[in-house]
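Below is one structure, written out as structure tokens; comments come after it.
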Protein chains: 2
Amino acid sequence: MKTLTDRLSTSADQLPRRAGGRAKSRPTLRTIAAETGLAVTTVSRALALDPQIKASTRALVRAAADRLGYVPDRAAQRLRTGRTRVVQLVLNLDHEFLGFTHELIGGLTEALTGTGYSVTIFPDILGSDRLSSVRRIVEARLGDGVIFNRTEPFDPRVRYLLEQEFPFVSHGRTEFSTPHPSVDYDNEAFARIAVERLIAKGRKRLLIVLPPANFSFAQHLRWGAVAAAKAAGVTCEIPDAINLDSSEAETMAWLRQRLSQPDRPDGIIGVGEVSAMAALAAISDSGLTPGREIDVVAKRASAIFDLMRPRIDTMVEDLRLAGRTMGEMLLRAMEGEDASRLQVLHQPLVEF
Amino acid sequence: MKTLTDRLSTSADQLPRRAGGRAKSRPTLRTIAAETGLAVTTVSRALALDPQIKASTRALVRAAADRLGYVPDRAAQRLRTGRTRVVQLVLNLDHEFLGFTHELIGGLTEALTGTGYSVTIFPDILGSDRLSSVRRIVEARLGDGVIFNRTEPFDPRVRYLLEQEFPFVSHGRTEFSTPHPSVDYDNEAFARIAVERLIAKGRKRLLIVLPPANFSFAQHLRWGAVAAAKAAGVTCEIPDAINLDSSEAETMAWLRQRLSQPDRPDGIIGVGEVSAMAALAAISDSGLTPGREIDVVAKRASAIFDLMRPRIDTMVEDLRLAGRTMGEMLLRAMEGEDASRLQVLHQPLVEF
DNA sequence: ACGAATTATTGAAACGTTACAATATGGCCT
DNA sequence: AGGCCATATTGTAACGTTTCAATAATTCGT
């Protein structure tokens with residue numbers, strides 16, 4: 001141990017560390033060129049596996065590069081080619097409570113691993129102009145492509161990016177007639193199936209808490225729920241005092257109050273974990289028991305409901321899959337593939 | 001609507017979009033120089049607010065830049081200065097179940113907003129060499145600084161980064177004698193307080209599920225729990241069949257089995273939400289009731305337990321604060337501030 | 001009004017890479 | 001052996017910025 005820490009402190013005491021670390025120069029193409037006696041151009045092309053370069057030369061260069069520990073300078077490549085090799089992920093990081101951002105990011109990086117692209121987080125300033133983040137990315141060429149969520153039916157970002165011909169994939173589809181790359185979850189199907197499930201359990205006064213009305217998926221959920229309820233002749237209440245962006249305390253308080261009324265709902269659809277958990281808590285607080293006087297069907301993106309008692313019916317939305325799909329599609333979009341082939345709608349995975 | 005979508009489709013049909021979007025050239029320093037009749041150098045320095053440049057000239061340049069919509073080319077700056085203006089966040093994205101990655105990222109971006117730095121996610125390949133990610137970042141100069149978590153007592157990454165004099169902040173402190181920037185949560189205090197709380201409730205056979213033994217905070221938790229239990233003359237069981245990285249199903253199954261034995265624990269400490277929820281589920285499944293035959297104290301990073309019934313005692317670990325602190329400290333580290341001043345230990349926020 | 005000191009601006013070079021056009025090398029045919 | 005193609009390699013320029021050293025413009029003391 002002594003030796004280790006000694007070595008540490010001596011080497012760390014050398015010079016006041018500056019940003020970016022030490023200045024020891026890394027090998028460049030020129031270094032390899034000098035080493036092999038070839039021209040810089042040849043080395044560059046050899047490393048790019050240009051078939052124009054003789055195979056033996058390529059091997060020679062490759063060997064020298066490895067021996068010297070050469071690693072290309074992204075900044076120089078970027079300056080020269082104009083490609084950043086960066087994918088910008090526009091995220092709102094304020095509002096999440098049980099966010100599954102990490103699933104989305106996980107899937108995205110999974111798709112991008114080995115492609116040379118990296119993922120940069122672009123924090124979306126809530127409340128500011130919807131467009132500003134994306135515009136910033138395009139204007140400063142902060143990436144070769146962009147991914148965002150919380151899509152609106154006529155999202156200005158979609159319009160802008162189409163106009164700019166800038167590659168992107170939206171999480172959530174729009175109402176634009178021009179096709180654009182998007183990955184979405186069939187929330188309409190989810191709502192329909194949830195309603196049908198509750199009806200099958202004999203429930204007649206349903207309730208669903210929706211996302212803020214401006215988001216695309218709020219519409220889909222509404223359509224699905226309302227249509228299915230109507231078809232079966234039951235009611236489906238949609239509170240407008242609360243939505244999925246309301247605080248959990250607010251949601252719970254409202255639900256508690258609602259459940260204390262005589263015409264209380266007997267079936268609740270939880271879109272997302274927080275909403276469903278708030279419903280379960282409110283139900284418990286009201287002295288009711290899920291499965292007896294009331295039922296809950298929820299969408300889940302994690303295994304959380306496996307740990308909840310009592311257990312409820314759930315459908316899965318695989319956000320990791322969504323992230324991975326978006327990554328794969330963005331790659332294809334950046335290669336110029338037609339947008340009409342880059343539209344995916346994932347179906348709910350029903351678990352009951 | 002017609003007009004909008006028409007405009008979209010016509011503009012989108014123009015040319016096959018290529019990676020990075022259109023080629024319309026952006027204004028550069030040269031453009032501004034030509035526009036103002038000044039030299040490129042002057043423009044550069046004016047925009048950098050160099051006091052050497054006359055104030056009136058600075059204003060002139062600023063105006064021209066704004067008028068033309070100039071935005072500096074990061075790649076060129078990067079190539080010239082060697083600074084990437086990127087912070088790499090090394091994250092393992094495989095393993096999380098209820099991950100609060102978004103809190104960490106949120107805090108980090110909060111601290112970095114307006115500084116010109118952006119956060120890039122570097123996916124840590126689990127199972128591979130611990131060092132490889134960080135080495136990659138340093139060698140390819142993928143960032144000016146790096147942040148990582150899941151720190152080990154003698155984490156090789158810390159040693160390497162100190163040797164390389166590369167700025168970093170670790171989430172979790174180490175046992176190295178050389179100081180280095182780190183942000184940690186006082187898990188020892190958490191464990192101690194949790195044990196004391198359970199003892200105050202009359203519990204005598206405690207149990208705590210720890211993280212995998214190789215992580216720093218596993219040690220801290222162990223010390224805190226064991227010492228407090230010993231001081232009070234109660235037992236504190238530490239299962240080694242399961243740990244915090246075990247699957248929730250595994251954890252729950254083991255706990256269920258354990259709770260069915262005659263010498264079952266009467267107090268459980270939940271380090272992290274999943275572990276606590278698994279405990280609660282197992283307790284419920286065993287026909288026991290928290291608050292009656294058994295108690296649970298948990299650490300929480302979200303409001304999730306506000307939605308759980310029955311309610312349990314919790315202490316808060318603010319991961320957003322941790323992220324923000326790490327961001328602020330990394331900025332200072334990159335400016336050369338001494339590591340001894342960049343060590344923070346956040347205390348548990350006790351809620352009972 | 002003149003040189004000296006200060007202030008303000010400039011030119012040239014460089015960061016490391018890739019793209020283009022040009023040259024060198026070799027093989028093959030007549 | 002000369003000429004011609006195909007193959008393999010090279011030199012030069014450029015991407016947009018910052019830095020260094022040098023020049024131009026201004027102020028000041030005398």
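FYI, nothing fancy with the structure tokens labels: chains A, B, ... in order, residues from 1 per chain, ligands from 1 as they appear.
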Open item on the list: Using DSSP secondary structure from the backbone, list all strand (DSSP E) positions within stretch 23-245 of chain A, as a ChimeraX atom specification.
Closed with: /A:86-91,118-123,145-148,168-171,182-185,205-208,235-237
TODO: Starting from chain A, keep only residues with some atom at most 9 Å from an atom of chain D, counting only C-alpha atoms (C1' of nucleotides), and report them as a PyMOL selection string.
DONE: chain A and resi 38-42+52-54+76+78-82
Take the residues that were just selected and, keeping C-alpha atoms, output them as a CSV table (one decimal), in the first residue's frame.
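Below is the file selection23.csv, written as the result:
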chain,number,residue,atom,x,y,z
A,38,LEU,CA,5.0,7.0,-46.1
A,39,ALA,CA,3.1,10.2,-46.8
A,40,VAL,CA,0.5,11.5,-44.4
A,41,THR,CA,-2.1,11.0,-47.1
A,42,THR,CA,-1.3,7.4,-47.5
A,52,GLN,CA,-6.8,2.1,-53.3
A,53,ILE,CA,-4.0,1.4,-50.8
A,54,LYS,CA,-2.1,-1.8,-51.2
A,76,ALA,CA,-9.6,17.6,-36.6
A,78,ARG,CA,-14.8,17.0,-37.4
A,79,LEU,CA,-13.3,20.3,-38.6
A,80,ARG,CA,-12.3,18.7,-41.9
A,81,THR,CA,-15.4,16.6,-42.6
A,82,GLY,CA,-18.0,18.7,-41.0
Once you count only C-alpha atoms (C1' of nucleotides), what closest atom pair and distance in Å to one decimal does each residue of chain C within 9 Å of chain A have, with rows by chain and rising residue number, as CSV?
residue,atom,partner,partner_atom,distance
C:DC15,C1',A:Ala76,CA,8.0
C:DG16,C1',A:Ala76,CA,5.0
C:DT17,C1',A:Ala76,CA,4.9
C:DT18,C1',A:Arg80,CA,6.2
Open item on the list: Just want the 7 Å neighbourhood of stretch 102-111 of chain A, counted on only C-alpha atoms (C1' of nucleotides), with same-chain residues fewer than 2 positions away dropped. Output as JSON, numbers by chain.
Closed with: {"A": [100, 113, 119, 319, 320, 321, 322, 323, 324, 326, 327, 328], "B": [93, 94, 99, 101, 102, 123]}
Would you put the residues from that selection into a file with N, CA and C atoms, as an mmCIF file, in the first residue's frame?
data_model
loop_
_atom_site.group_PDB
_atom_site.id
_atom_site.type_symbol
_atom_site.label_atom_id
_atom_site.label_comp_id
_atom_site.auth_asym_id
_atom_site.auth_seq_id
_atom_site.Cartn_x
_atom_site.Cartn_y
_atom_site.Cartn_z
ATOM 1 N N PHE A 100 -37.617 7.348 -16.413
ATOM 2 C CA PHE A 100 -36.894 6.197 -16.895
ATOM 3 C C PHE A 100 -35.975 6.597 -18.026
ATOM 4 N N THR A 113 -23.385 2.061 -29.940
ATOM 5 C CA THR A 113 -22.087 1.512 -29.576
ATOM 6 C C THR A 113 -21.419 0.879 -30.798
ATOM 7 N N VAL A 119 -23.454 9.988 -27.507
ATOM 8 C CA VAL A 119 -24.696 10.654 -27.125
ATOM 9 C C VAL A 119 -24.397 11.815 -26.185
ATOM 10 N N LEU A 319 -39.081 1.036 -22.742
ATOM 11 C CA LEU A 319 -38.412 2.274 -23.128
ATOM 12 C C LEU A 319 -36.995 2.036 -23.623
ATOM 13 N N ARG A 320 -36.408 0.956 -23.165
ATOM 14 C CA ARG A 320 -35.078 0.618 -23.664
ATOM 15 C C ARG A 320 -35.162 0.266 -25.139
ATOM 16 N N LEU A 321 -36.182 -0.497 -25.468
ATOM 17 C CA LEU A 321 -36.416 -0.825 -26.872
ATOM 18 C C LEU A 321 -36.663 0.446 -27.683
ATOM 19 N N ALA A 322 -37.453 1.342 -27.108
ATOM 20 C CA ALA A 322 -37.727 2.598 -27.808
ATOM 21 C C ALA A 322 -36.421 3.341 -28.082
ATOM 22 N N GLY A 323 -35.571 3.423 -27.071
ATOM 23 C CA GLY A 323 -34.289 4.107 -27.228
ATOM 24 C C GLY A 323 -33.436 3.446 -28.295
ATOM 25 N N ARG A 324 -33.399 2.125 -28.240
ATOM 26 C CA ARG A 324 -32.572 1.408 -29.207
ATOM 27 C C ARG A 324 -33.106 1.625 -30.620
ATOM 28 N N MET A 326 -34.838 4.110 -31.713
ATOM 29 C CA MET A 326 -34.572 5.479 -32.145
ATOM 30 C C MET A 326 -33.125 5.633 -32.614
ATOM 31 N N GLY A 327 -32.217 5.003 -31.889
ATOM 32 C CA GLY A 327 -30.816 5.053 -32.287
ATOM 33 C C GLY A 327 -30.600 4.451 -33.659
ATOM 34 N N GLU A 328 -31.168 3.264 -33.845
ATOM 35 C CA GLU A 328 -30.991 2.584 -35.131
ATOM 36 C C GLU A 328 -31.603 3.406 -36.266
ATOM 37 N N LEU B 93 -25.276 1.526 -17.811
ATOM 38 C CA LEU B 93 -26.693 1.661 -18.125
ATOM 39 C C LEU B 93 -27.415 0.320 -18.207
ATOM 40 N N ASP B 94 -26.675 -0.752 -17.932
ATOM 41 C CA ASP B 94 -27.306 -2.061 -18.022
ATOM 42 C C ASP B 94 -28.192 -2.326 -16.817
ATOM 43 N N GLY B 99 -33.540 3.349 -11.668
ATOM 44 C CA GLY B 99 -32.337 4.159 -11.638
ATOM 45 C C GLY B 99 -32.702 5.614 -11.514
ATOM 46 N N THR B 101 -30.618 7.918 -12.528
ATOM 47 C CA THR B 101 -29.678 8.514 -13.440
ATOM 48 C C THR B 101 -30.103 9.915 -13.851
ATOM 49 N N HIS B 102 -31.378 10.076 -14.101
ATOM 50 C CA HIS B 102 -31.830 11.372 -14.601
ATOM 51 C C HIS B 102 -31.630 12.464 -13.558
ATOM 52 N N PRO B 123 -21.087 5.101 -22.121
ATOM 53 C CA PRO B 123 -21.630 3.878 -21.554
ATOM 54 C C PRO B 123 -20.518 2.963 -21.078
#
Open item on the list: So that I can check the surroundings of B:Met308, please list as a ChimeraX atom specification every protein, DNA and RNA residue that reaches within 10 Å of it, counting only C-alpha atoms (C1' of nucleotides) and ignoring chain neighbours fewer than 3 positions away.
Closed with: /A:277-278,280-282,284,308-309 /B:277,280,303-305,311-312
